Every structure is written in C-alpha cells, then in structure tokens.
Amino acid sequence: MPDVLTDPDAAARHPETPRRRGRGNLRRTARKAPAYLVLVLGTAVMVLPFLASLGNSLKSYAQYIKVPPDWLPDPVQWSNYQEVWERTDFVTYLTNSLIVSGAAVVGALITSAMVGHALARMHFPGRDVLLVAALGTMMLPTVITIVPSFILFKSFGWLDTLLPLIAPYWLATPIGIFLMRQTFLGIPRDFEEAASIDGANPWQVFIRVHLPMAKPALATLGVFTFMTTWGAVLEPTIYLTSPENFTLPIGVMSLQGQYVGNDNLVTAAALMSLVPVLLVFLVAQRYFVRGVMSSGVKG
Amino acid sequence: MALSAIRPGCPGRPGYTRRHRTMRVWSVAAGVTLLAATACSSSGDESASSDTTTLTLGYYAAAGDPADTTMRELVDEFTAGNPDIDVEIQAAPYGDFFSRLRTQIAGGDAPDVWLSDGVLVDEFAARGSLLDLSDRVAGLNEDDFHGIDLNRTPDGEIYGFPQGAQTPVLFYNTAMFEQAGIDPPDENWTYDDLAAAAEQLTVDENGDGTPEVYGMRVHSSGFTESWWPMIKAFGGDIVTDDNTTVAVDSRESRQALQWMLDAIGDDGFAPDGVTTESLGGPHQLFANQMVAMIFGIYARSLPAISADVEFDVAPLPTGPGGERGNVAIVNSWVINNEAGDEAADAAWRWIEYFAGEEPQTRWAELGEAIPINRAVAESDAFLNSDTAPAGKQVFLDALESSEDLGVNAVWAEYTGVLNENIMATLDGGADVDTALAEAQSKAQEAIDRFYAESS
C-alpha cells in the first residue's frame, strides 16, 4: 500500500486512496462513538465536582449556602483567595508539607526497599513471621495507636515538630514492605546468580541489580507515600500545635468555623493546596501507572 | 550479611567505589531531611526566663476569624499587663481542638488552661483532669457573673469558670413575617401559635406539594435547639436526680415528639430529616432562608448576619403547662489538674482578666456568646449594639430561667444514645413508644456503667 506520508506522489497516483481512507476513518470514528460518549460522560462526572469546587471557592458565604445552588459565582469573589492568603501562613504550611512528604518518601523508599529485599531474597529464622507481623500492623487503625505514639514522641521531645510525621516512614511502611517484597520476588534469580559469579556481594546485588529493576515499584511507593503524607490529617492535628509547624491539610482545616463554616474559604484553600500534588502526579504519572501494573506480576 | 559489607570510604581513596558513593548520597539525603525537619520545627519548649511563667492556653476558633483575632489581641493585652507571664496559644477549630485535647490529656500534655465546651466540663472533671476552682471562685462576687451556678456539681464543686453563655430562643425572619402579614412572635406565644404561624409561613409556590420555604425547623441533630427544650416545654424531663436518672420515657415526651412529627408530617410546616440535610443541614436553614423560624442559640446570629438575613428573636413558646424549657450551655475556662502551682495561678489570673468588663465587652462585640459579666450583659454595648438581633434582652431573660443541659460525666455518650433513638423516630423509622423506652434504657446503662465503675 502506498505511503502518502513518505511518498508525496502516491496520492496523485492513487487519487481514490484519501477518499477511501476518509470513509474508513469515518466508519472507525462512528464505531468508536459510543466509547467516546462513555468517556466524555465519565470525564464530566470526574471534572464537574472539581469545577463546582472552583465555582464555590469564588462565592460569597451567602451565595455558597444558597439553595438551590448557583453554578456560577456572581459576583466572582477573588478576594476569597486573598483572604486565605492573609489568614494563613500558606507558604509555611506548603514548606512543611513538602518537608514531611519529601522526607517520608525518601525514608519509605530506602527502608521499605531494604526490608522488602531481605524478606524476598534472604533466608533467616522467623522471616515469614516478621512479614505477617509487619502486614498485621496494617490492620490497626491509626486512632488505636495514636495515644501510645503520642506518649512515645513526647518522651523524645518531638511534640509540635515535624519528626513524628516523618520518623515512622524511616522504619519501613507495611505497604512498602509488601510492595517491594512482591517486586523483588518477581525478579528471576538468574540476574542474582550472574552478578554473584561476577563477584557481587548481596549488598551489591541489591543496589546494582535489583534496585534498578524495581524502579517502577519504587516510583509507585513514592507516589503512594507522597499522597498519604500530603493528605494526612489525624497525626498532624494531634502532634502539631503551633501554626508555624502546620502542614497544608490542617492549615486548610484551621479555617473551618464552628458557627459560620467559612466553607467558601476552605474550598479556596483546598484548591490552592491541590496544585503541588497535581504537579507531582503529572510528573510521576508514567511510573505510577507502570508500577501499579507490574507490581503484582511475578516472573 | 549484606550490611556487613559496608565499610567507610572517601572519594579518591583506594577502594572508593560507586557503592560508597551511593551510600554517601543516601546518608546525606537522610541527614538533610531529618535536619530540615528539625530546623523547620519550633520545639515549643523555648525556655522562658526564670522570673516568668509560661502558660499554655488552648481554645477553639477558626484561624483568622474575628474570635481568633480578638482572643490573640486579648492575650497580648493580658501579657502586657502581666509581664511575668508568657502565653503560648494552642488554637484549632472546634472538632480538631477536642480530638487533640483528649489525646493530650491521655498523654499528659494538655494545655494549662483551655476553653471547654460547657457540656464537656464534667467529663474532664470526673476523670481527674481538672483543677477544682471552688476556692478561687469563692473569692469573687458570684452575683457579678452569669452561669456559675450552672457549672456547680451536685457536690458543690466548680471546675469551670464561665467564658460565654448560649441559650436557645426563637429566631424569626422579620422580612418573611412582614411579607406574610403575621405579627412577630412575643412572650405569649404557645406551641399552638407557633404551629399556626409556621403553617402560614410555609410557601409552596408551584403547588407541587413540596414547599420552597418552610415555616419552622424542628428536625435537628443539634438537640439543644430542637427536642430537648420541646420535651421540657411539654412538661417532660430528660434527666433527674442530679442528672443521673434518665426520665425521657414519659407521656409528656411523647406529646412533644408527636408535635414534632405532626410538624414534619400532617401539618407540613417543617422539613423532614432528608429535606433538612438536602437544604444545607439544620444549622444552615435559617441563614439560607429556607425556614422562617428556628430555635437557635445566640451564636446562630453569626451565620444569619453573614448571609444578610433580616431577623430578630423572641422567647421560646410555652408548652401546655406554661413551661418554655429554657436550657443553657456555659462554655468555660478550665485549668489542667497537672498544671504546676505557678501555671495554675497564672491561668486563674487569665480567667479573671477575661471575665473583666473590658475583655467581655470586646468579646460581646463579636456576637459569639452572651457575656457572662452581668454588667457588660446589661450594658448598652451588648443590649443596644448595632448588630442583630435587636432583642438581645430575650437571651438574658432565657438565661436567668435556664437549667443546665443534663451535664454529667458521660454527657456525650448518653445524649448520643438519646439523640440516636429520638432521631430514628423523627425520621419515621421507629415507633415513638419503643424509641423512647429504648433511649431511656440505653442512656441509663451508659450513666450507670460510668458511675458504677468510678464508685
């Protein structure tokens, strides 16, 4: 079949080709129309709440609580964003959240990879018990352990600092251990044996062979950890008392009034806090999707 | 083991490998992140000079709200007048504040003095968390303040000193009353008058059977402004015997609930539970003008003012026996039982300062609570201020005849059980007799369980 892209004369030699191709495209498009319709509807379902939030963030309090609601703010109250900026120390909250999430991601990646690798590749007494125990802690709601943790961090002098939000991630997270163990289990032993023949010790096998092959899983774990710590509310609420140490979620929630809800301001603040996490997701999306798809596959 | 292979190495030294470089990068990354976390966090334990007392003070308010701003200004003025006291503020919105506080108490790290919801004072006191203020209060002239008696335990102890008072009254939309040509409510109104006016104020413009505006809100999970005063007005009781015996299962309670059910059902002048929520929730219906009347505490003025509602207030209507069922919540300052003597003294100085005329006047200007300083409450600054409602005297009159809201050590638990059962009735899913019997039985169990364990 002539290629009209690489051979400019092809179209002239076969004048019926574009028409046929056009009809073909039309038929293909018609066949795909239902799928497009579903996708458009699905997108609308996903995007409309976001657009509604955007509209709400620009309303006055009176318009915000109006029933039935107005879809568009009238007048557009841009000052809500200014008021959020003035009422809160948004840059400090953002910085604190970046520190917490950044440090937690680094810690979770390093320690979860090490523990996951040990549980997948090393043989030692009690290995399976350790794995079950680590996974078992996933079943405990945070609210159950919050008081003992509070007392522990108080004894360290860590209350009202960011350390209680970071340190647990430097002790390997259960989800991270599970994810990395599954990933390392899925790498064929041939690589390990080949490296060993070349003189690599277990540490070198981990760092130079297995870890590079686990990049998609590491990216997934990184994104999960980032999103978990970025959106955490309970622990920061309990451990942080000074506004200069607040993270973004509790900075946003601090605007919530008891009698006048300030919902328009809270919505504006929530949208402002979304921007960094959206950027991270867009940058890491490729790894994120690939990691999720491959993490459960063995062999 | 792999880890045993790690040995230190330096760039340029024999044996320095990519492995060493990787390790250094990881170590530096770990160190930097933890250092950054530490550096960017204030420890909160900056030592004050030896001749000053550091007082940690907790209260609930939204960041940057007028209440928050005013409280911080008052703290600044207090410390300026008391240079031997440093105050560290711990503020958070209501829900977050009490979530954190309960963990702080369990972990022995609660503020020295905090603002407590009045209904929670007994809960904290009964668990040994609060300092008995009885002797300190005895040094004051109690007649100068509202609410002290409401805070007194059956044994005569006082664990909380009033900060601001709330009592429900009848809020009504003056514009809707004018439009409907109805005389505004007054102190002679009965529940029958209320129902008659509410029916007239209910508007179904398109005649589809679903009103666009309702006359009254009765369905509310905030029972201080719904079934509690209504049952009392119909002659019923909720708890008796120093708030240790549940008495809600009575003929009078049934009558009150039946009045509410009629309002939602046959009379149709009040939205049911689903409609209430879909219209914005019980505490938004008056502000978004979906109802013409509510029972509301003083602080409900704030959303109504914010939404530019034209409104005023009237006394609660009287029930068949002439009762209004006035109740009050006295939000109070409490002192941590674990605060040292110096901190406790500093905390009391703060409480006395806040109860003074100048701070109370400033607080009254916010429209957040009825001033507990009687001189301020009866002054023009409060009664004749420019902000709505005009009839603020109604709140003072209600406060004078108010009972407490059945406060005891398990208030949240037992009222939760009562509310759950009564709401099940109002939602139409439960028989009134069965629900009240169940409510009484389970609520009593909750009370007995605590007091049996603590005796």
# chains A, B, ... in the order shown; residues from 1 in each chain; ligands from 1
call {"tool": "residues_around", "arguments": {"residues": "Ala198 (chain B)", "least_positions_apart": "6", "cutoff": "7 Å", "atoms": "only C-alpha atoms", "output": "compact mmCIF listing (two decimals) with N, CA and C atoms, in the first residue's frame"}}
result
# COMPACT_ATOMS: atom_id res chain seq x y z
N GLY B 215 -42.07 26.95 57.38
CA GLY B 215 -42.31 27.88 58.48
C GLY B 215 -41.34 27.70 59.64
N MET B 216 -40.93 26.45 59.88
CA MET B 216 -40.15 26.18 61.10
C MET B 216 -39.25 24.99 60.86
N PHE B 269 -45.33 21.92 58.00
CA PHE B 269 -44.65 23.23 58.02
C PHE B 269 -43.17 23.13 58.38
call {"tool": "select_by_dssp", "arguments": {"residues": "region 17-208 of chain B", "states": "helix (DSSP H, G or I)", "output": "ChimeraX atom specification"}}
result
/B:18-39,66-81,94-106,118-126,134-138,142-144,149-151,174-180,191-201
call {"tool": "residues_around", "arguments": {"residues": "region 391-405 of chain B", "least_positions_apart": "4", "cutoff": "6 Å", "atoms": "only C-alpha atoms", "output": "ChimeraX atom specification"}}
result
/B:150,313,315,326-328,383
call {"tool": "write_last_selection", "arguments": {"atoms": "C-alpha atoms", "output": "CSV table (one decimal), in the first residue's frame"}}
result
chain,number,residue,atom,x,y,z
B,150,LEU,CA,-25.0,26.1,86.2
B,313,VAL,CA,-35.6,36.8,68.3
B,315,PRO,CA,-38.7,33.9,73.8
B,326,ASN,CA,-35.1,27.1,78.7
B,327,VAL,CA,-31.7,25.5,78.9
B,328,ALA,CA,-28.2,26.9,78.8
B,383,LEU,CA,-28.2,45.2,74.5
call {"tool": "closest_residue", "arguments": {"among": "B:Thr103, B:Asn243, B:Ser129, B:Thr202", "to": "chain A", "atoms": "only C-alpha atoms"}}
result
B:Thr103
call {"tool": "select_by_dssp", "arguments": {"residues": "region 29-272 of chain B", "states": "strand (DSSP E)", "output": "number ranges by chain"}}
result
B: 53-60, 85-92, 113-116, 161-166, 169-173, 214-216, 239-240, 245-246
call {"tool": "closest_residue", "arguments": {"among": "A:Met114, A:Val280, A:Leu255, A:Leu51", "to": "chain B", "atoms": "only C-alpha atoms"}}
result
A:Leu255
call {"tool": "atom_distance", "arguments": {"atom1": "CA of Asp135 (chain B)", "atom2": "CA of Trp363 (chain B)"}}
result
26.2 Å
call {"tool": "interface_residues", "arguments": {"of": "chain A", "to": "chain B", "cutoff": "6 Å", "atoms": "only C-alpha atoms", "output": "list in words"}}
result
Ala62, Ile65, Lys66, Arg87, Ala103, Val147, Ile151, Thr161, Leu162, Pro202, Trp203, Ile238, Thr241, Asn245, Ser254, Leu255, Gln256, Gly257 and Val260 of chain A
call {"tool": "write_last_selection", "arguments": {"atoms": "C-alpha atoms", "output": "tab-separated table (two decimals), in the first residue's frame"}}
result
chain	number	residue	atom	x	y	z
A	62	ALA	CA	-24.41	33.85	51.36
A	65	ILE	CA	-25.14	28.32	51.20
A	66	LYS	CA	-27.89	29.25	48.74
A	87	ARG	CA	-5.46	34.41	57.32
A	103	ALA	CA	11.46	13.12	53.92
A	147	VAL	CA	-2.09	7.70	72.29
A	151	ILE	CA	3.44	9.39	74.70
A	161	THR	CA	7.78	19.22	65.50
A	162	LEU	CA	7.59	17.53	62.10
A	202	PRO	CA	24.45	-9.40	48.45
A	203	TRP	CA	24.59	-5.65	49.08
A	238	ILE	CA	-2.64	15.61	67.20
A	241	THR	CA	0.05	22.87	67.93
A	245	ASN	CA	4.56	23.87	62.14
A	254	SER	CA	-7.92	25.60	60.54
A	255	LEU	CA	-10.21	27.91	58.57
A	256	GLN	CA	-13.28	25.82	59.40
A	257	GLY	CA	-15.56	27.87	61.62
A	260	VAL	CA	-20.05	30.31	60.21
call {"tool": "closest_residue", "arguments": {"among": "B:Val218, B:Ile351, B:Leu316, B:Ala390", "to": "Ala270 (chain B)", "atoms": "only C-alpha atoms"}}
result
B:Val218
call {"tool": "residues_around", "arguments": {"residues": "Phe224 (chain A)", "least_positions_apart": "6", "cutoff": "10 Å", "atoms": "only C-alpha atoms", "output": "PyMOL selection string"}}
result
chain A and resi 105+175-176+218+230+288
call {"tool": "closest_residue", "arguments": {"among": "B:Asp117, B:Glu277, B:Asp149, B:Asp143", "to": "Gln258 (chain A)", "atoms": "only C-alpha atoms"}}
result
B:Asp117
call {"tool": "atom_distance", "arguments": {"atom1": "CA of Asp312 (chain B)", "atom2": "CA of Pro389 (chain B)"}}
result
4.7 Å
call {"tool": "atom_distance", "arguments": {"atom1": "CA of Arg121 (chain A)", "atom2": "CA of Arg181 (chain A)"}}
result
8.5 Å
call {"tool": "closest_residue", "arguments": {"among": "A:Leu72, A:Leu140, A:Val100, A:Met180", "to": "Ala120 (chain A)", "atoms": "only C-alpha atoms"}}
result
A:Met180
call {"tool": "residues_around", "arguments": {"residues": "Tyr81 (chain A)", "least_positions_apart": "5", "cutoff": "9 Å", "atoms": "only C-alpha atoms", "output": "list of chain:residue names"}}
result
A:Ser57, A:Leu58, A:Glu86, A:Leu265, A:Ala268, A:Ala269, A:Met272
call {"tool": "residues_around", "arguments": {"residues": "Phe191 (chain A)", "least_positions_apart": "4", "cutoff": "8 Å", "atoms": "only C-alpha atoms", "output": "list in words"}}
result
Ile187, Ala195 and Val209 of chain A
call {"tool": "write_last_selection", "arguments": {"atoms": "C-alpha atoms", "output": "short mmCIF file (atom, residue, chain, number, x, y, z; two decimals), in the first residue's frame"}}
result
data_model
loop_
_atom_site.label_atom_id
_atom_site.label_comp_id
_atom_site.auth_asym_id
_atom_site.auth_seq_id
_atom_site.Cartn_x
_atom_site.Cartn_y
_atom_site.Cartn_z
CA ILE A 187 12.88 -10.78 39.58
CA ALA A 195 26.09 -10.97 39.45
CA VAL A 209 20.99 -5.28 40.18
#
